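model07.txt follows (compact mmCIF, C-alpha atoms):
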# COMPACT_ATOMS: atom_id res chain seq x y z
CA MET A 11 -39.28 40.28 -118.21
CA LYS A 12 -36.41 41.75 -120.21
CA THR A 13 -32.71 40.94 -120.16
CA LYS A 14 -29.64 43.18 -120.29
CA ILE A 15 -26.46 41.38 -121.31
CA PHE A 16 -22.94 42.46 -120.39
CA THR A 17 -19.85 41.10 -122.13
CA ASN A 18 -17.43 42.43 -119.50
CA ILE A 19 -17.71 42.12 -115.73
CA ASP A 20 -16.70 45.76 -115.27
CA GLU A 21 -19.80 46.87 -117.22
CA VAL A 22 -22.21 45.39 -114.63
CA PRO A 23 -23.32 48.12 -112.16
CA VAL A 24 -21.72 47.22 -108.83
CA ASP A 25 -24.54 48.54 -106.61
CA THR A 26 -27.19 46.73 -108.64
CA TRP A 27 -25.25 43.46 -108.58
CA GLU A 28 -24.65 43.60 -104.83
CA ALA A 29 -28.29 44.48 -104.08
CA LEU A 30 -29.61 41.53 -106.11
CA VAL A 31 -27.29 38.90 -104.61
CA GLN A 32 -27.67 40.06 -101.01
CA GLY A 33 -28.84 37.12 -98.91
CA HIS A 34 -27.92 34.62 -101.64
CA SER A 35 -24.98 32.24 -101.86
CA CYS A 36 -21.62 33.87 -102.51
CA SER A 37 -21.53 31.74 -105.67
CA HIS A 38 -23.32 34.74 -107.22
CA SER A 39 -20.98 37.34 -105.71
CA ARG A 40 -18.89 39.70 -107.80
CA ALA A 41 -15.74 38.57 -105.98
CA LEU A 42 -16.26 34.94 -107.04
CA TRP A 43 -17.01 35.81 -110.67
CA GLU A 44 -13.95 38.09 -110.76
CA LEU A 45 -11.90 35.18 -109.42
CA VAL A 46 -13.18 32.80 -112.11
CA GLU A 47 -12.72 35.30 -114.94
CA THR A 48 -9.26 36.43 -113.81
CA SER A 49 -8.03 32.85 -113.43
CA GLY A 50 -8.54 32.05 -117.11
CA LEU A 51 -9.69 28.47 -116.53
CA ASN A 52 -10.21 26.24 -119.57
CA ASP A 53 -11.69 28.11 -122.54
CA PHE A 54 -14.51 29.83 -120.64
CA HIS A 55 -16.00 32.92 -122.29
CA HIS A 56 -17.99 34.71 -119.58
CA ARG A 57 -20.98 36.99 -119.87
CA TYR A 58 -23.47 38.40 -117.37
CA VAL A 59 -27.16 39.23 -117.45
CA LEU A 60 -29.60 41.33 -115.46
CA VAL A 61 -33.24 40.31 -115.70
CA CYS A 62 -35.51 43.37 -115.49
CA ASP A 63 -39.24 43.85 -114.98
CA ASP A 64 -41.54 45.92 -117.22
CA ALA A 65 -40.34 49.11 -115.55
CA GLU A 66 -36.75 48.09 -116.44
CA GLU A 67 -35.86 47.59 -112.77
CA PRO A 68 -33.37 44.73 -112.29
CA VAL A 69 -34.92 41.81 -110.40
CA ALA A 70 -32.34 39.03 -110.92
CA PHE A 71 -28.69 38.40 -111.80
CA ALA A 72 -27.00 35.45 -113.50
CA GLY A 73 -23.69 34.61 -115.08
CA PHE A 74 -23.35 32.46 -118.18
CA TYR A 75 -20.51 31.31 -120.38
CA ALA A 76 -19.49 29.33 -123.41
CA ILE A 77 -17.17 26.37 -122.86
CA THR A 78 -16.06 23.24 -124.71
CA THR A 79 -17.54 20.26 -122.85
CA ASP A 80 -17.61 16.50 -123.26
CA VAL A 81 -21.18 15.40 -124.04
CA ALA A 82 -20.42 12.09 -122.29
CA ILE A 83 -19.00 13.76 -119.19
CA PHE A 84 -20.73 11.29 -116.81
CA ALA A 85 -20.24 8.20 -118.99
CA PRO A 86 -19.90 4.79 -117.27
CA PRO A 87 -16.38 3.23 -117.17
CA VAL A 88 -16.87 0.95 -120.20
CA LEU A 89 -18.02 3.82 -122.41
CA ARG A 90 -15.24 6.09 -121.09
CA GLY A 91 -12.72 3.43 -122.10
CA LEU A 92 -14.15 3.23 -125.62
CA LEU A 93 -14.19 7.03 -125.96
CA ALA A 94 -10.57 7.22 -124.84
CA LYS A 95 -9.57 4.90 -127.69
CA VAL A 96 -11.62 6.81 -130.27
CA ARG A 97 -10.11 10.10 -129.11
CA LEU A 98 -6.62 8.86 -129.77
CA VAL A 99 -7.57 9.32 -133.42
CA PHE A 100 -10.32 11.95 -133.10
CA PRO A 101 -9.43 14.09 -130.03
CA HIS A 102 -12.60 16.20 -130.16
CA PHE A 103 -15.10 13.37 -130.65
CA LEU A 104 -18.36 14.19 -128.74
CA LYS A 105 -16.86 17.46 -127.42
CA PHE A 106 -18.84 20.56 -128.32
CA ARG A 107 -18.92 24.28 -127.61
CA MET A 108 -21.85 24.71 -125.23
CA LEU A 109 -23.61 27.63 -123.59
CA GLU A 110 -24.10 27.23 -119.84
CA CYS A 111 -25.91 29.26 -117.21
CA GLY A 112 -24.70 28.70 -113.65
CA THR A 113 -21.52 29.03 -111.60
CA PRO A 114 -18.56 27.17 -113.16
CA ILE A 115 -16.79 25.98 -110.00
CA LEU A 116 -19.66 25.71 -107.49
CA VAL A 117 -23.10 24.18 -107.23
CA SER A 118 -25.50 27.13 -107.14
CA SER A 119 -29.15 26.14 -107.06
CA PRO A 120 -30.96 27.74 -108.80
CA PRO A 121 -28.39 29.20 -111.23
CA PHE A 122 -29.47 32.81 -110.65
CA ALA A 123 -30.11 35.23 -107.79
CA ALA A 124 -33.54 36.89 -107.73
CA SER A 125 -34.60 39.72 -105.43
CA ASP A 126 -37.90 37.91 -104.80
CA GLN A 127 -38.11 34.12 -105.02
CA ARG A 128 -41.78 34.39 -106.03
CA MET A 129 -40.50 35.58 -109.42
CA ASN A 130 -38.27 32.53 -109.99
CA ASP A 131 -40.54 31.05 -112.65
CA GLN A 132 -40.59 34.29 -114.65
CA VAL A 133 -36.83 34.77 -114.25
CA VAL A 134 -35.97 31.26 -115.42
CA ALA A 135 -38.25 31.68 -118.44
CA ALA A 136 -36.53 34.96 -119.38
CA LEU A 137 -33.08 33.39 -118.98
CA ALA A 138 -34.04 30.29 -120.99
CA LYS A 139 -35.32 32.35 -123.92
CA MET A 140 -32.26 34.63 -123.85
CA LEU A 141 -29.90 31.63 -123.92
CA GLN A 142 -31.80 30.14 -126.86
CA GLU A 143 -31.44 33.35 -128.87
CA ILE A 144 -27.70 33.62 -128.19
CA ALA A 145 -27.11 29.94 -128.95
CA ARG A 146 -28.82 30.27 -132.32
CA VAL A 147 -26.74 33.31 -133.25
CA LYS A 148 -23.43 31.85 -132.01
CA GLY A 149 -24.04 28.33 -133.31
CA HIS A 150 -23.89 26.52 -129.95
CA LEU A 151 -25.12 22.94 -130.18
CA ILE A 152 -26.42 22.64 -126.62
CA ILE A 153 -27.58 24.92 -123.80
CA VAL A 154 -27.16 23.81 -120.18
CA MET A 155 -28.86 25.47 -117.23
CA ARG A 156 -27.28 24.21 -114.00
CA ASP A 157 -27.67 23.30 -111.19
CA PHE A 158 -31.07 22.42 -109.70
CA GLU A 159 -31.19 20.70 -106.32
CA PRO A 160 -34.56 19.52 -104.86
CA PRO A 161 -35.72 22.95 -103.53
CA ALA A 162 -35.43 24.33 -107.10
CA ALA A 163 -37.16 21.36 -108.76
CA ALA A 164 -40.40 23.36 -109.02
CA LEU A 165 -38.82 25.10 -112.03
CA ARG A 166 -38.82 21.86 -113.99
CA ARG A 167 -42.34 22.39 -115.35
CA ASP A 168 -41.53 25.92 -116.59
CA LEU A 169 -38.39 24.74 -118.38
CA GLU A 170 -40.06 21.72 -119.97
CA ARG A 171 -42.81 23.98 -121.32
CA LEU A 172 -40.03 25.92 -123.08
CA GLY A 173 -38.66 22.73 -124.66
CA TYR A 174 -35.86 22.03 -122.15
CA HIS A 175 -35.07 18.49 -121.03
CA TRP A 176 -34.72 17.75 -117.28
CA VAL A 177 -31.86 15.26 -116.75
CA GLY A 178 -29.85 13.92 -113.84
CA SER A 179 -26.32 15.04 -113.00
CA LEU A 180 -23.82 13.78 -110.45
CA PRO A 181 -25.36 14.07 -106.98
CA ASN A 182 -24.01 16.36 -104.28
CA THR A 183 -23.20 15.40 -100.67
CA TYR A 184 -23.99 17.31 -97.47
CA LEU A 185 -23.60 16.88 -93.74
CA ASP A 186 -25.79 18.83 -91.32
CA ILE A 187 -23.57 19.99 -88.45
CA ARG A 188 -25.43 19.39 -85.18
CA TRP A 189 -22.49 18.74 -82.85
CA ARG A 190 -20.73 21.26 -80.63
CA THR A 191 -17.38 19.46 -80.71
CA PRO A 192 -15.57 16.94 -82.95
CA GLU A 193 -15.72 14.48 -80.06
CA GLU A 194 -19.53 14.67 -80.08
CA TYR A 195 -19.51 13.94 -83.82
CA VAL A 196 -17.36 10.82 -83.37
CA ALA A 197 -19.51 9.62 -80.46
CA ALA A 198 -22.66 10.02 -82.58
CA LEU A 199 -21.42 7.48 -85.18
CA THR A 200 -22.60 3.88 -84.97
CA SER A 201 -19.96 1.49 -83.68
CA TYR A 202 -19.04 0.17 -87.14
CA TYR A 203 -18.41 3.57 -88.73
CA ARG A 204 -16.82 4.97 -85.56
CA SER A 205 -14.30 2.13 -85.29
CA LYS A 206 -13.55 2.41 -89.03
CA LEU A 207 -12.84 6.14 -88.71
CA LEU A 208 -10.79 5.83 -85.52
CA LYS A 209 -8.62 3.16 -87.13
CA HIS A 210 -7.70 5.48 -90.01
CA LEU A 211 -7.16 8.45 -87.70
CA ARG A 212 -4.83 6.35 -85.54
CA ARG A 213 -2.82 5.20 -88.57
CA ASN A 214 -2.38 8.75 -89.83
CA ARG A 215 -1.33 10.03 -86.43
CA GLU A 216 1.19 7.22 -86.14
CA GLN A 217 2.64 8.58 -89.40
CA GLN A 218 2.80 12.05 -87.78
CA VAL A 219 0.07 13.45 -90.03
CA ARG A 220 -1.36 16.75 -88.78
CA HIS A 221 -3.24 19.69 -90.23
CA GLU A 222 -3.63 23.43 -89.89
CA LEU A 223 -6.20 25.94 -91.18
CA ARG A 224 -5.15 29.09 -93.06
CA ASP A 225 -7.08 32.01 -94.58
CA ASP A 226 -4.16 33.51 -96.49
CA PHE A 227 -2.42 31.04 -98.79
CA ALA A 228 -1.60 33.06 -101.91
CA ASP A 229 2.09 32.34 -101.32
CA LEU A 230 1.41 28.59 -101.68
CA ALA A 231 -0.52 28.85 -104.97
CA ASP A 232 2.04 27.02 -107.10
CA THR A 233 2.44 24.18 -104.60
CA LEU A 234 -1.29 23.74 -104.07
CA CYS A 235 -1.97 23.68 -107.79
CA ARG A 236 0.71 21.01 -108.31
CA GLN A 237 -0.95 18.91 -105.60
CA TRP A 238 -4.37 19.34 -107.20
CA LEU A 239 -3.00 18.25 -110.58
CA VAL A 240 -1.75 14.99 -109.06
CA VAL A 241 -5.30 14.11 -108.01
CA HIS A 242 -6.86 15.49 -111.19
CA GLU A 243 -4.64 13.42 -113.48
CA GLN A 244 -5.42 10.22 -111.56
CA ALA A 245 -9.18 10.79 -111.33
CA ASP A 246 -11.38 8.26 -113.14
CA GLU A 247 -14.58 10.20 -112.48
CA PHE A 248 -16.03 13.56 -113.49
CA GLN A 249 -13.42 16.09 -114.65
CA ARG A 250 -13.85 19.42 -116.37
CA GLU A 251 -12.27 22.62 -115.10
CA VAL A 252 -8.48 22.58 -114.98
CA LEU A 253 -7.16 24.76 -112.17
CA ASN A 254 -3.99 26.85 -112.32
CA PRO A 255 -1.83 28.72 -109.78
CA THR A 256 -3.63 31.97 -110.57
CA PHE A 257 -6.89 30.38 -109.41
CA TYR A 258 -5.46 29.50 -106.00
CA ARG A 259 -3.75 32.89 -105.66
CA GLU A 260 -6.88 34.86 -106.58
CA PHE A 261 -9.10 32.59 -104.48
CA SER A 262 -7.15 33.61 -101.39
CA ARG A 263 -6.88 37.29 -102.29
CA ARG A 264 -10.37 38.03 -103.59
CA LEU A 265 -12.51 35.98 -101.20
CA GLY A 266 -10.71 37.11 -98.05
CA GLU A 267 -11.83 35.46 -94.82
CA ARG A 268 -14.33 33.31 -96.73
CA SER A 269 -11.41 31.49 -98.35
CA LYS A 270 -9.86 28.68 -96.30
CA VAL A 271 -7.32 25.97 -96.89
CA LEU A 272 -6.54 22.98 -94.71
CA LEU A 273 -2.86 22.09 -95.03
CA PHE A 274 -1.82 18.53 -94.24
CA TYR A 275 1.68 17.68 -93.09
CA ARG A 276 3.46 14.40 -92.57
CA GLY A 277 6.18 15.42 -90.18
CA ASP A 278 7.41 18.71 -91.60
CA GLU A 279 6.46 17.92 -95.22
CA LEU A 280 3.36 19.52 -96.74
CA VAL A 281 1.67 16.49 -98.34
CA GLY A 282 -1.83 17.67 -99.20
CA HIS A 283 -4.57 20.24 -98.89
CA ALA A 284 -8.33 20.78 -98.94
CA LEU A 285 -9.64 24.02 -100.42
CA LEU A 286 -12.68 25.38 -98.55
CA LEU A 287 -15.13 28.24 -98.94
CA LEU A 288 -17.21 29.64 -96.08
CA ASP A 289 -20.50 30.61 -97.73
CA GLY A 290 -22.66 32.08 -94.96
CA ASP A 291 -23.43 29.21 -92.58
CA LEU A 292 -22.45 26.66 -95.25
CA LEU A 293 -18.85 25.42 -95.48
CA ARG A 294 -18.01 24.11 -98.96
CA TRP A 295 -15.21 21.61 -99.63
CA LEU A 296 -14.23 22.42 -103.21
CA TYR A 297 -10.96 20.68 -104.11
CA PHE A 298 -8.39 18.23 -102.77
CA GLY A 299 -4.74 17.86 -103.70
CA ARG A 300 -1.76 15.82 -102.57
CA ASN A 301 1.87 15.20 -103.45
CA HIS A 302 1.59 11.55 -104.49
CA ALA A 303 -1.28 9.41 -105.78
CA VAL A 304 -1.10 6.55 -103.27
CA ASN A 305 -3.77 4.71 -101.30
CA ASP A 306 -2.55 5.42 -97.78
CA GLY A 307 -5.74 6.52 -96.01
CA LEU A 308 -4.88 10.22 -96.07
CA TYR A 309 -8.14 11.11 -97.81
CA ILE A 310 -10.21 9.72 -94.93
CA TYR A 311 -8.16 11.79 -92.48
CA VAL A 312 -8.74 14.83 -94.72
CA GLY A 313 -12.49 14.20 -94.75
CA TYR A 314 -12.58 14.05 -90.96
CA ALA A 315 -10.47 17.21 -90.69
CA VAL A 316 -12.93 19.05 -92.96
CA ILE A 317 -15.82 17.99 -90.69
CA GLU A 318 -13.84 19.02 -87.61
CA THR A 319 -13.19 22.41 -89.23
CA ALA A 320 -16.89 22.91 -90.03
CA ILE A 321 -17.73 22.25 -86.37
CA ARG A 322 -15.05 24.62 -85.07
CA LEU A 323 -16.08 27.37 -87.50
CA GLY A 324 -19.69 27.12 -86.37
CA ALA A 325 -21.03 26.14 -89.81
CA ARG A 326 -24.55 24.74 -89.81
CA ARG A 327 -24.01 22.65 -92.92
CA LEU A 328 -21.06 21.16 -94.79
CA GLU A 329 -20.99 20.52 -98.53
CA LEU A 330 -18.56 17.71 -99.34
CA GLY A 331 -19.11 17.88 -103.10
CA LEU A 332 -19.26 15.42 -105.97
CA THR A 333 -17.52 12.03 -106.45
CA THR A 334 -15.67 9.79 -103.92
CA TYR A 335 -19.11 9.06 -102.51
CA SER A 336 -18.35 5.93 -100.50
CA ILE A 337 -15.84 7.61 -98.20
CA LYS A 338 -18.05 10.69 -97.74
CA GLN A 339 -21.05 8.51 -96.92
CA ASP A 340 -18.98 6.58 -94.36
CA LEU A 341 -18.35 9.94 -92.69
CA GLY A 342 -22.10 10.62 -92.52
CA ALA A 343 -22.78 12.64 -95.66
CA THR A 344 -26.20 12.36 -97.27
CA VAL A 345 -26.66 12.33 -101.04
CA THR A 346 -28.68 15.09 -102.72
CA PRO A 347 -29.69 14.77 -106.40
CA ILE A 348 -28.79 17.48 -108.89
CA SER A 349 -30.62 18.08 -112.15
CA LEU A 350 -29.71 19.94 -115.33
CA ALA A 351 -31.92 21.50 -117.99
CA LEU A 352 -30.73 20.84 -121.58
CA TYR A 353 -31.84 22.38 -124.85
CA SER A 354 -30.60 22.39 -128.43
CA PRO A 355 -31.40 25.30 -130.74
CA TRP A 356 -31.21 22.81 -133.62
CA ARG A 357 -34.90 22.06 -134.18
CA LEU A 358 -34.40 18.47 -135.34
CA LEU A 359 -31.93 17.65 -132.55
CA ASN A 360 -33.74 19.10 -129.54
CA PRO A 361 -36.41 16.35 -129.21
CA LEU A 362 -33.56 13.82 -128.96
CA VAL A 363 -31.29 15.67 -126.51
CA GLY A 364 -32.68 14.02 -123.38
CA ARG A 365 -32.43 10.51 -124.85
CA ILE A 366 -28.92 11.04 -126.19
CA TYR A 367 -27.77 12.35 -122.81
CA ALA A 368 -29.30 9.31 -121.05
CA LEU A 369 -27.52 6.92 -123.42
CA LEU A 370 -24.10 8.53 -122.92
CA ASN A 371 -24.26 9.35 -119.21
CA ARG A 372 -24.95 7.25 -116.12
CA PRO A 373 -24.91 9.38 -112.95
CA PRO A 374 -24.75 7.02 -109.93
CA ARG A 375 -27.89 6.24 -107.96
CA LEU A 376 -26.91 6.09 -104.32
CA ALA A 377 -28.90 5.21 -101.22
CA ASN A 378 -28.15 7.06 -98.00
CA ARG A 379 -26.56 5.06 -95.19
CA ARG A 380 -27.45 4.86 -91.52
CA VAL A 381 -24.17 6.15 -90.13
CA PHE A 382 -25.38 7.85 -86.94
CA LYS A 383 -27.08 6.30 -83.91
CA VAL A 384 -30.09 8.61 -84.13
Kindly present the structure from the file in structure tokens form.
Amino acid sequence: MKTKIFTNIDEVPVDTWEALVQGHSCSHSRALWELVETSGLNDFHHRYVLVCDDAEEPVAFAGFYAITTDVAIFAPPVLRGLLAKVRLVFPHFLKFRMLECGTPILVSSPPFAASDQRMNDQVVAALAKMLQEIARVKGHLIIVMRDFEPPAAALRRDLERLGYHWVGSLPNTYLDIRWRTPEEYVAALTSYYRSKLLKHLRRNREQQVRHELRDDFADLADTLCRQWLVVHEQADEFQREVLNPTFYREFSRRLGERSKVLLFYRGDELVGHALLLLDGDLLRWLYFGRNHAVNDGLYIYVGYAVIETAIRLGARRLELGLTTYSIKQDLGATVTPISLALYSPWRLLNPLVGRIYALLNRPPRLANRRVFKV
């Protein structure tokens, strides 16, 4: 396998790109990568790679990027508190410029699109070696290949043979949609979880909370970003990418009918939103925002509205994303582990990377709940 690297998205042949990602998640689509690059999030520096066979025919596509990341991004609360104090004096303590392969704003497992899945082991080996060479030249301390959910776990052996360390990340949450109507979903819940949900729905409706679904929301980009920042600044869990109005505007424009937003009103006031992406028969809940950081039960109403939307859109599966696990589990979501592959081009550091990561990070270990009758 050989690799061809492109430093600009416009250099990647459109027909080749589209042919390779056909049938894969839209997390690999040109439209999504154009959205991410145009938005200018954080300090991402994007590049793209085609993996080719011996005849120089492209067989896989991947995006990768350099970004400054907190090594202790999943640290437990006590350690996060200590780091916050240290960073008052040393703002960049344990923050390094890393090289990552994957999709910055979505979980895409595996982090590449191959024309034939039987070549996945060869593709991941070619990508891993390419990233190591670039990291050595550019002086990156750590390489991250992300994300790997259970169906992609077979690649672990290939990566470990190349010196990569297989570590746990924050788990994802999913709900298989097997109901024809929202009423069937509610009826399928056990009495405890059903009564808990209905109580919160009743309280929100008493406060005249309602929602509507829109495909075109570019005109609301500034408002939606302000709402997201309210939640982002109050979050005590995983945080990395910082969204901006351009992101919301381009999300609506570039992804077309795949882009969705649920708008939540209390009376006539727009009080919150949920940003969604229809990815084939999978509906992804990406971000949540609201006007005020208060504990008023709105989030539970939002979670139910997202499930209702997945049912009405005919999605077969709903991705509810990372963090806020308890509420999502109460709504029936199951927890799916995610793994990362880490490597350091520094010969003396690489044997210790897995242990250092384990010391600094504590992804939660969650058991699935029996929320439905059957």
So, with only C-alpha atoms as the atoms that count, which of A:Leu116, A:Ile19, A:Ala231, A:Ile321 lies closest to Thr48 (chain A)?
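For Thr48 (chain A), the nearest of the candidates is A:Ile19.
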What's the separation between CA of His55 (chain A) and CA of Ser269 (chain A), in Å to one decimal place?
24.4 Å
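The interatomic distance for the pair CA of Ile153 (chain A) and CA of Tyr353 (chain A) works out to 5.1 Å.
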Excluding Gly324 (chain A) and residues on its chain fewer than 4 positions from it, collect all residues at most 10 Å away from it, counting all atoms listed in the file, and give them as a PDB file with C-alpha atoms, in the frame of the given file.
ATOM      1  CA  ILE A 187     -23.570  19.990 -88.450  1.00  0.00           C
ATOM      2  CA  ARG A 188     -25.430  19.390 -85.180  1.00  0.00           C
ATOM      3  CA  TRP A 189     -22.490  18.740 -82.850  1.00  0.00           C
ATOM      4  CA  ARG A 190     -20.730  21.260 -80.630  1.00  0.00           C
ATOM      5  CA  THR A 191     -17.380  19.460 -80.710  1.00  0.00           C
ATOM      6  CA  ASP A 291     -23.430  29.210 -92.580  1.00  0.00           C
ATOM      7  CA  LEU A 292     -22.450  26.660 -95.250  1.00  0.00           C
ATOM      8  CA  LEU A 293     -18.850  25.420 -95.480  1.00  0.00           C
ATOM      9  CA  THR A 319     -13.190  22.410 -89.230  1.00  0.00           C
ATOM     10  CA  ALA A 320     -16.890  22.910 -90.030  1.00  0.00           C
TER      11      ALA A 320
END
Would you mind telling me which residue in A:Leu253, A:Val240, A:Leu332, A:Leu273 lies nearest to Asn52 (chain A) when using all atoms listed in the file?
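The shortest atom-to-atom distance to Asn52 (chain A) comes from A:Leu253.
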Fewer than 5 positions away in the same chain doesn't count, so skip those; otherwise give me all residues within 12 Å of Thr334 (chain A), counting only C-alpha atoms, as a list in words.
Leu180, Pro181, Asn182, Thr183, Val241, Ala245, Asp246, Glu247, Phe248, Tyr297, Phe298, Tyr309, Ile310, Gly313, Gln339, Asp340, Leu341, Ala343, Val345, Pro374 and Leu376 of chain A
Take the residues from that selection and write them out as a tab-separated table (two decimals), keeping the file's coordinate frame, keeping C-alpha atoms.
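Listed below is the output, out15.tsv:
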chain	number	residue	atom	x	y	z
A	180	LEU	CA	-23.82	13.78	-110.45
A	181	PRO	CA	-25.36	14.07	-106.98
A	182	ASN	CA	-24.01	16.36	-104.28
A	183	THR	CA	-23.20	15.40	-100.67
A	241	VAL	CA	-5.30	14.11	-108.01
A	245	ALA	CA	-9.18	10.79	-111.33
A	246	ASP	CA	-11.38	8.26	-113.14
A	247	GLU	CA	-14.58	10.20	-112.48
A	248	PHE	CA	-16.03	13.56	-113.49
A	297	TYR	CA	-10.96	20.68	-104.11
A	298	PHE	CA	-8.39	18.23	-102.77
A	309	TYR	CA	-8.14	11.11	-97.81
A	310	ILE	CA	-10.21	9.72	-94.93
A	313	GLY	CA	-12.49	14.20	-94.75
A	339	GLN	CA	-21.05	8.51	-96.92
A	340	ASP	CA	-18.98	6.58	-94.36
A	341	LEU	CA	-18.35	9.94	-92.69
A	343	ALA	CA	-22.78	12.64	-95.66
A	345	VAL	CA	-26.66	12.33	-101.04
A	374	PRO	CA	-24.75	7.02	-109.93
A	376	LEU	CA	-26.91	6.09	-104.32
In Å, with one decimal, what is the gap from CA of Ala72 (chain A) to CA of Tyr58 (chain A)?
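Computed distance, CA of Ala72 (chain A) to CA of Tyr58 (chain A), equals 6.0 Å.
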If you count all atoms listed in the file, which residues fall within 6 Å of Val61 (chain A), apart from same-chain ones fewer than 3 positions away, as a list in words?
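In the requested format, the answer is Lys12, Thr13, Pro68, Val69 and Ala70 of chain A.
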If we count all atoms listed in the file and set the cut-off at 10 Å, which residues sit around Val196 (chain A), ignoring sequence neighbours fewer than 3 positions away in its own chain? Please answer as a PyMOL selection string.
chain A and resi 189+191-193+199-201+203-205+207-208+314+318+341+382
Among the residues A:Asp63, A:Glu260, A:Glu243, A:Glu194, the one that comes closest to Leu45 (chain A) [using all atoms listed in the file]:
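The answer is A:Glu260, which sits nearest to Leu45 (chain A).
Around Val147 (chain A), within 12 Å and counting all atoms listed in the file, the residues found are Leu109, Met140, Leu141, Gln142, Glu143, Leu151, Pro355 and Trp356 of chain A, once anything fewer than 4 positions away on its own chain is removed.
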Go ahead and dump the residues you just picked, C-alpha atoms, as a CSV table (one decimal), in the coordinates of the input.
chain,number,residue,atom,x,y,z
A,109,LEU,CA,-23.6,27.6,-123.6
A,140,MET,CA,-32.3,34.6,-123.8
A,141,LEU,CA,-29.9,31.6,-123.9
A,142,GLN,CA,-31.8,30.1,-126.9
A,143,GLU,CA,-31.4,33.4,-128.9
A,151,LEU,CA,-25.1,22.9,-130.2
A,355,PRO,CA,-31.4,25.3,-130.7
A,356,TRP,CA,-31.2,22.8,-133.6
A:Phe274, A:Phe158, A:Tyr195, A:Trp27 ranked by distance to Leu234 (chain A), top pick (using only C-alpha atoms)
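So, comparing all the options, the nearest one is A:Phe274.
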Pick from A:Cys62, A:Ile115, A:Ala198, A:Ala76 nearest to Gln132 (chain A), counting all atoms listed in the file:
A:Cys62
Around all the atoms of region 275-287 of chain A listed in the file, draw an axis-aligned box and extend it by 3 Å on each of the six sides; I want its centre and edge lengths in Å to one decimal, as AutoDock Vina command-line options.
--center_x -3.9 --center_y 21.3 --center_z -95.3 --size_x 28.5 --size_y 19.8 --size_z 16.2
Across A:Asp229, A:Pro347, A:Ala123, A:Leu358, the smallest distance to Pro161 (chain A), with all atoms listed in the file counted, is shown by A:Pro347
Can you sort out region 276-280 of chain A so it carries all heavy atoms, written as a compact mmCIF listing (two decimals), in the coordinates of the input?
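Result file is out-v8.txt:
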# COMPACT_ATOMS: atom_id res chain seq x y z
N ARG A 276 2.93 15.64 -93.13
CA ARG A 276 3.46 14.40 -92.57
C ARG A 276 4.85 14.74 -92.05
O ARG A 276 5.77 14.95 -92.83
CB ARG A 276 3.51 13.29 -93.62
CG ARG A 276 3.95 11.95 -93.04
CD ARG A 276 3.86 10.82 -94.06
NE ARG A 276 2.47 10.37 -94.24
CZ ARG A 276 1.78 10.49 -95.36
NH1 ARG A 276 2.35 11.06 -96.43
NH2 ARG A 276 0.54 10.06 -95.46
N GLY A 277 4.95 14.86 -90.74
CA GLY A 277 6.18 15.42 -90.18
C GLY A 277 6.23 16.90 -90.53
O GLY A 277 5.29 17.65 -90.25
N ASP A 278 7.28 17.31 -91.17
CA ASP A 278 7.41 18.71 -91.60
C ASP A 278 7.10 18.91 -93.08
O ASP A 278 7.19 20.03 -93.59
CB ASP A 278 8.84 19.22 -91.32
CG ASP A 278 9.14 19.29 -89.83
OD1 ASP A 278 8.21 19.58 -89.06
OD2 ASP A 278 10.30 19.02 -89.44
N GLU A 279 6.72 17.83 -93.78
CA GLU A 279 6.46 17.92 -95.22
C GLU A 279 4.98 18.21 -95.49
O GLU A 279 4.09 17.53 -94.96
CB GLU A 279 6.85 16.61 -95.91
CG GLU A 279 6.63 16.63 -97.41
CD GLU A 279 6.83 15.27 -98.07
OE1 GLU A 279 7.05 14.29 -97.34
OE2 GLU A 279 6.77 15.21 -99.31
N LEU A 280 4.72 19.22 -96.32
CA LEU A 280 3.36 19.52 -96.74
C LEU A 280 2.95 18.49 -97.80
O LEU A 280 3.48 18.48 -98.90
CB LEU A 280 3.28 20.94 -97.33
CG LEU A 280 1.93 21.39 -97.90
CD1 LEU A 280 0.84 21.35 -96.83
CD2 LEU A 280 2.04 22.78 -98.51
